[in-house]
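> Take a look at work-v5.json, JSON, C-alpha atoms:
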[["chain", "number", "residue", "atom", "x", "y", "z"],
["A", 229, "MET", "CA", 5.18, 20.75, -18.19],
["A", 230, "ALA", "CA", 3.82, 17.59, -16.64],
["A", 231, "ASN", "CA", 1.42, 15.43, -18.58],
["A", 232, "PRO", "CA", -1.67, 15.28, -16.31],
["A", 233, "THR", "CA", -3.11, 12.28, -18.11],
["A", 234, "PHE", "CA", -0.05, 10.13, -17.42],
["A", 235, "THR", "CA", -0.60, 7.81, -14.48],
["A", 236, "THR", "CA", 0.05, 4.17, -13.88],
["A", 237, "THR", "CA", -1.89, 2.00, -11.51],
["A", 238, "ALA", "CA", 1.18, 1.50, -9.33],
["A", 239, "THR", "CA", 2.00, 5.22, -9.22],
["A", 240, "HIS", "CA", -1.61, 6.13, -8.55],
["A", 241, "PHE", "CA", -1.92, 3.56, -5.78],
["A", 242, "ALA", "CA", 1.50, 4.26, -4.22],
["A", 243, "LEU", "CA", 0.68, 7.97, -3.98],
["A", 244, "PHE", "CA", -2.75, 7.10, -2.59],
["A", 245, "LEU", "CA", -1.23, 4.85, 0.05],
["A", 246, "LEU", "CA", 1.22, 7.48, 1.24],
["A", 247, "GLY", "CA", -1.81, 9.00, 2.89],
["A", 248, "LYS", "CA", -2.83, 5.51, 4.05],
["A", 249, "LYS", "CA", 0.42, 4.96, 5.91],
["A", 250, "ASN", "CA", -1.15, 6.70, 8.90],
["A", 251, "ARG", "CA", -4.19, 4.41, 8.70],
["A", 252, "ILE", "CA", -1.97, 1.33, 8.65],
["A", 253, "TYR", "CA", -0.25, 2.64, 11.76],
["A", 254, "THR", "CA", -3.64, 3.36, 13.31],
["A", 255, "MET", "CA", -4.70, -0.22, 12.71],
["A", 256, "SER", "CA", -1.55, -1.38, 14.45],
["A", 257, "ALA", "CA", -2.08, 1.11, 17.27],
["A", 258, "ASN", "CA", -5.65, -0.11, 17.62],
["A", 259, "GLU", "CA", -4.44, -3.69, 18.09],
["A", 260, "ASP", "CA", -1.88, -2.53, 20.70],
["A", 261, "ALA", "CA", -4.56, -0.55, 22.53],
["A", 262, "MET", "CA", -6.77, -3.62, 22.68],
["A", 263, "SER", "CA", -4.03, -5.68, 24.27],
["A", 264, "THR", "CA", -3.43, -3.14, 27.05],
["A", 265, "SER", "CA", -7.17, -3.09, 27.81],
["A", 266, "SER", "CA", -7.08, 0.60, 28.63],
["A", 267, "GLN", "CA", -10.54, 2.06, 28.04],
["A", 268, "HIS", "CA", -9.15, 5.50, 27.19],
["A", 269, "GLU", "CA", -6.72, 4.11, 24.59],
["A", 270, "ASP", "CA", -9.48, 1.93, 23.10],
["A", 271, "THR", "CA", -11.72, 4.97, 22.68],
["A", 272, "LEU", "CA", -8.96, 7.04, 21.07],
["A", 273, "ALA", "CA", -8.00, 4.24, 18.68],
["A", 274, "ASP", "CA", -11.67, 3.68, 17.74],
["A", 275, "GLU", "CA", -12.09, 7.41, 17.05],
["A", 276, "GLU", "CA", -8.97, 7.42, 14.87],
["A", 277, "MET", "CA", -10.23, 4.38, 12.94],
["A", 278, "ALA", "CA", -13.64, 6.01, 12.43],
["A", 279, "GLU", "CA", -11.99, 9.20, 11.15],
["A", 280, "ALA", "CA", -9.72, 7.20, 8.84],
["A", 281, "SER", "CA", -12.57, 5.14, 7.41],
["A", 282, "ASP", "CA", -14.74, 8.24, 6.84],
["A", 283, "ALA", "CA", -11.90, 10.19, 5.25],
["A", 284, "GLU", "CA", -11.35, 10.37, 1.53],
["A", 285, "SER", "CA", -8.26, 11.22, -0.44],
["A", 286, "GLU", "CA", -8.06, 12.65, -3.93],
["A", 287, "PHE", "CA", -7.91, 9.05, -5.19],
["A", 288, "GLY", "CA", -11.02, 7.76, -3.41],
["A", 289, "PRO", "CA", -12.10, 6.31, -0.07],
["A", 290, "ILE", "CA", -9.43, 5.21, 2.36],
["A", 291, "ASP", "CA", -10.94, 1.80, 3.10],
["A", 292, "LYS", "CA", -8.92, 0.16, 0.32],
["A", 293, "LEU", "CA", -6.79, -2.01, 2.62],
["A", 294, "ASP", "CA", -7.83, -4.59, 5.21],
["A", 295, "ILE", "CA", -5.89, -6.99, 7.39],
["A", 296, "VAL", "CA", -7.20, -10.51, 6.91],
["A", 297, "ALA", "CA", -7.77, -12.27, 10.22],
["A", 298, "GLY", "CA", -5.20, -14.97, 10.84],
["A", 299, "ALA", "CA", -4.84, -17.93, 13.15],
["A", 300, "ASP", "CA", -2.89, -15.91, 15.71],
["A", 301, "ASN", "CA", -2.11, -12.32, 16.61],
["A", 302, "GLU", "CA", 1.53, -12.44, 15.60],
["A", 303, "LYS", "CA", 2.66, -9.15, 14.07],
["A", 304, "THR", "CA", 5.45, -10.70, 11.99],
["A", 305, "ALA", "CA", 3.06, -12.61, 9.69],
["A", 306, "MET", "CA", -0.01, -10.97, 8.19],
["A", 307, "THR", "CA", -2.19, -11.11, 5.13],
["A", 308, "PHE", "CA", -3.40, -7.83, 3.68],
["A", 309, "SER", "CA", -6.37, -7.52, 1.35],
["A", 310, "PHE", "CA", -6.22, -4.72, -1.24],
["A", 311, "LYS", "CA", -9.58, -3.83, -2.77],
["A", 312, "GLU", "CA", -9.83, -3.03, -6.49],
["A", 313, "GLU", "CA", -6.22, -4.07, -7.20],
["A", 314, "ASP", "CA", -4.65, -6.72, -9.40],
["A", 315, "HIS", "CA", -1.31, -8.03, -10.68],
["A", 316, "THR", "CA", -0.06, -4.55, -11.63],
["A", 317, "LEU", "CA", 0.32, -3.53, -8.01],
["A", 318, "GLY", "CA", 0.74, -7.05, -6.64],
["A", 319, "ASN", "CA", 3.86, -8.02, -8.55],
["A", 320, "SER", "CA", 5.63, -4.67, -8.21],
["A", 321, "LEU", "CA", 4.85, -4.37, -4.49],
["A", 322, "ARG", "CA", 5.86, -8.00, -3.88],
["A", 323, "HIS", "CA", 9.20, -7.29, -5.56],
["A", 324, "MET", "CA", 9.83, -4.16, -3.46],
["A", 325, "ILE", "CA", 8.91, -5.89, -0.19],
["A", 326, "ASN", "CA", 11.10, -8.93, -0.98],
["A", 327, "LYS", "CA", 14.11, -6.61, -1.37],
["A", 328, "ASN", "CA", 13.94, -5.93, 2.38],
["A", 329, "PRO", "CA", 16.44, -8.24, 4.16],
["A", 330, "GLU", "CA", 14.12, -8.49, 7.18],
["A", 331, "VAL", "CA", 11.38, -10.11, 5.08],
["A", 332, "ASP", "CA", 11.29, -13.92, 5.07],
["A", 333, "PHE", "CA", 8.40, -14.27, 2.62],
["A", 334, "CYS", "CA", 6.16, -12.05, 0.55],
["A", 335, "GLY", "CA", 3.69, -13.26, -2.03],
["A", 336, "TYR", "CA", 0.37, -12.21, -3.44],
["A", 337, "SER", "CA", -2.65, -13.90, -4.95],
["A", 338, "ILE", "CA", -5.86, -12.94, -6.64],
["A", 339, "PRO", "CA", -8.45, -15.10, -4.81],
["A", 340, "HIS", "CA", -10.82, -15.29, -7.77],
["A", 341, "PRO", "CA", -10.89, -13.49, -11.13],
["A", 342, "SER", "CA", -14.41, -12.21, -10.50],
["A", 343, "GLU", "CA", -13.41, -10.65, -7.17],
["A", 344, "ALA", "CA", -11.75, -7.26, -7.39],
["A", 345, "LYS", "CA", -9.20, -7.82, -4.66],
["A", 346, "MET", "CA", -5.66, -8.98, -4.09],
["A", 347, "HIS", "CA", -4.23, -10.71, -1.02],
["A", 348, "MET", "CA", -0.63, -10.06, -0.02],
["A", 349, "ARG", "CA", 1.06, -12.26, 2.58],
["A", 350, "VAL", "CA", 4.07, -10.79, 4.40],
["A", 351, "GLN", "CA", 6.22, -12.73, 6.88],
["A", 352, "THR", "CA", 9.17, -11.06, 8.57],
["A", 353, "THR", "CA", 11.91, -11.77, 11.07],
["A", 354, "ASN", "CA", 11.48, -10.73, 14.68],
["A", 355, "LYS", "CA", 13.34, -7.47, 13.96],
["A", 356, "THR", "CA", 10.35, -5.85, 12.22],
["A", 357, "THR", "CA", 6.62, -6.27, 11.74],
["A", 358, "ALA", "CA", 4.62, -7.13, 8.64],
["A", 359, "VAL", "CA", 2.96, -3.70, 8.73],
["A", 360, "ASP", "CA", 6.37, -1.98, 8.79],
["A", 361, "ALA", "CA", 7.57, -4.14, 5.89],
["A", 362, "LEU", "CA", 4.44, -3.27, 3.88],
["A", 363, "THR", "CA", 4.85, 0.42, 4.64],
["A", 364, "THR", "CA", 8.53, 0.33, 3.65],
["A", 365, "GLY", "CA", 7.64, -1.50, 0.44],
["A", 366, "LEU", "CA", 4.97, 1.06, -0.42],
["A", 367, "ASP", "CA", 7.39, 3.92, 0.25],
["A", 368, "SER", "CA", 10.04, 2.26, -1.93],
["A", 369, "LEU", "CA", 7.55, 1.66, -4.73],
["A", 370, "ASN", "CA", 6.38, 5.25, -4.49],
["A", 371, "ASP", "CA", 9.98, 6.50, -4.73],
["A", 372, "LEU", "CA", 10.58, 4.31, -7.78],
["A", 373, "CYS", "CA", 7.38, 5.55, -9.43],
["A", 374, "LYS", "CA", 8.40, 9.16, -8.81],
["A", 375, "VAL", "CA", 11.78, 8.54, -10.51],
["A", 376, "VAL", "CA", 10.08, 6.91, -13.50],
["A", 377, "LEU", "CA", 7.53, 9.72, -13.74],
["A", 378, "GLU", "CA", 10.25, 12.41, -13.56],
["A", 379, "ALA", "CA", 12.27, 10.65, -16.27],
["A", 380, "TYR", "CA", 9.15, 10.33, -18.44],
["A", 381, "GLU", "CA", 8.25, 14.00, -18.00],
["A", 382, "ALA", "CA", 11.84, 15.10, -18.70],
["A", 383, "ASP", "CA", 11.94, 13.05, -21.88],
["A", 384, "LEU", "CA", 8.49, 14.27, -22.91],
["A", 385, "ALA", "CA", 9.56, 17.88, -22.37],
["A", 386, "LYS", "CA", 12.33, 17.44, -24.96],
["A", 387, "ARG", "CA", 9.56, 17.06, -27.58],
["A", 388, "ASP", "CA", 11.75, 14.54, -29.40],
["A", 389, "TYR", "CA", 8.93, 12.36, -30.65],
["A", 390, "VAL", "CA", 7.00, 11.78, -33.84],
["A", 391, "ILE", "CA", 3.27, 12.35, -34.07],
["A", 392, "GLU", "CA", 1.72, 10.01, -36.63],
["A", 393, "ASN", "CA", -1.52, 10.90, -38.35]]
For the file at hand, write its structure as structure tokens.

Amino acid sequence: MANPTFTTTATHFALFLLGKKNRIYTMSANEDAMSTSSQHEDTLADEEMAEASDAESEFGPIDKLDIVAGADNEKTAMTFSFKEEDHTLGNSLRHMINKNPEVDFCGYSIPHPSEAKMHMRVQTTNKTTAVDALTTGLDSLNDLCKVVLEAYEADLAKRDYVIEN
């Protein structure tokens, strides 16, 4: 029997972002549509973005991730802004992204302690994009969290623990 009260911020967020993977792709598709200047593609991408921003998951609204505008439109170097996140997700996600051999740099910062957001900078080689590296990192973190959760639940099911009064 699973313990429904057991969640960690990283597990919670990784599971939440599995649903966001499509929105990240949509943001990328929206940028591609803009560069082709096709009116039909622009309209479709705008509709997808509107649907994604209006949608909610079981963990809350989907507008938890933004791409911070940079100096250029290069897809191999981007800064992502995660709303309502801190070092718990930042350090674990940074570690998972840095394990990717196609990533040149990944780091995160909390701009100010009074702001509830985290910035993550991802720079990759020309073989992949920053969005793909972020998505791969989120998937890897989610897989790791699932393994930890399964091990926790299996150990908890053994009922080999002491309850202190």
> Restricting the calculation to all atoms listed in the file: of A:Ala344, A:Glu392, A:Arg349, A:Asn354, which residue gets closest to Ala297 of chain A?
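The shortest atom-to-atom distance to Ala297 of chain A comes from A:Arg349.
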> At what distance in Å, to one decimal, does atom CA of Leu372 of chain A lie from atom CA of Val390 of chain A?
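So the answer is 27.3 Å.
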> Rounded to one decimal, what separation in Å do you get between atom CA of Asp383 of chain A and atom CA of Asp367 of chain A?
24.4 Å
> So, with all atoms listed in the file as the atoms that count, which of A:Lys327, A:Glu302, A:His315, A:Leu293 lies closest to Leu369 of chain A?
A:Lys327
> What is the distance, in Å and to one decimal place, between atom CA of Met348 of chain A and atom CA of Asn326 of chain A?
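Spanning atom CA of Met348 of chain A to atom CA of Asn326 of chain A is a straight-line distance of 11.8 Å.
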> At a cut-off of 8 Å, using only C-alpha atoms, what residues contact Lys303 of chain A? Leave out same-chain residues fewer than 4 positions from it and give the result as a list in words.
Thr357, Ala358 and Val359 of chain A
> Atoms to include: C-alpha atoms. Write the selected residues as a PDB file, in the coordinates of the input.

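Okay, selection-v2.pdb is ready:
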ATOM      1  CA  THR A 357       6.620  -6.270  11.740  1.00  0.00           C
ATOM      2  CA  ALA A 358       4.620  -7.130   8.640  1.00  0.00           C
ATOM      3  CA  VAL A 359       2.960  -3.700   8.730  1.00  0.00           C
TER       4      VAL A 359
END
> With distances taken over all atoms listed in the file, which residue among A:Asp294, A:Glu378, A:Glu313, A:Asp388 lies nearest Ser337 of chain A?
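Closest candidate: A:Glu313.
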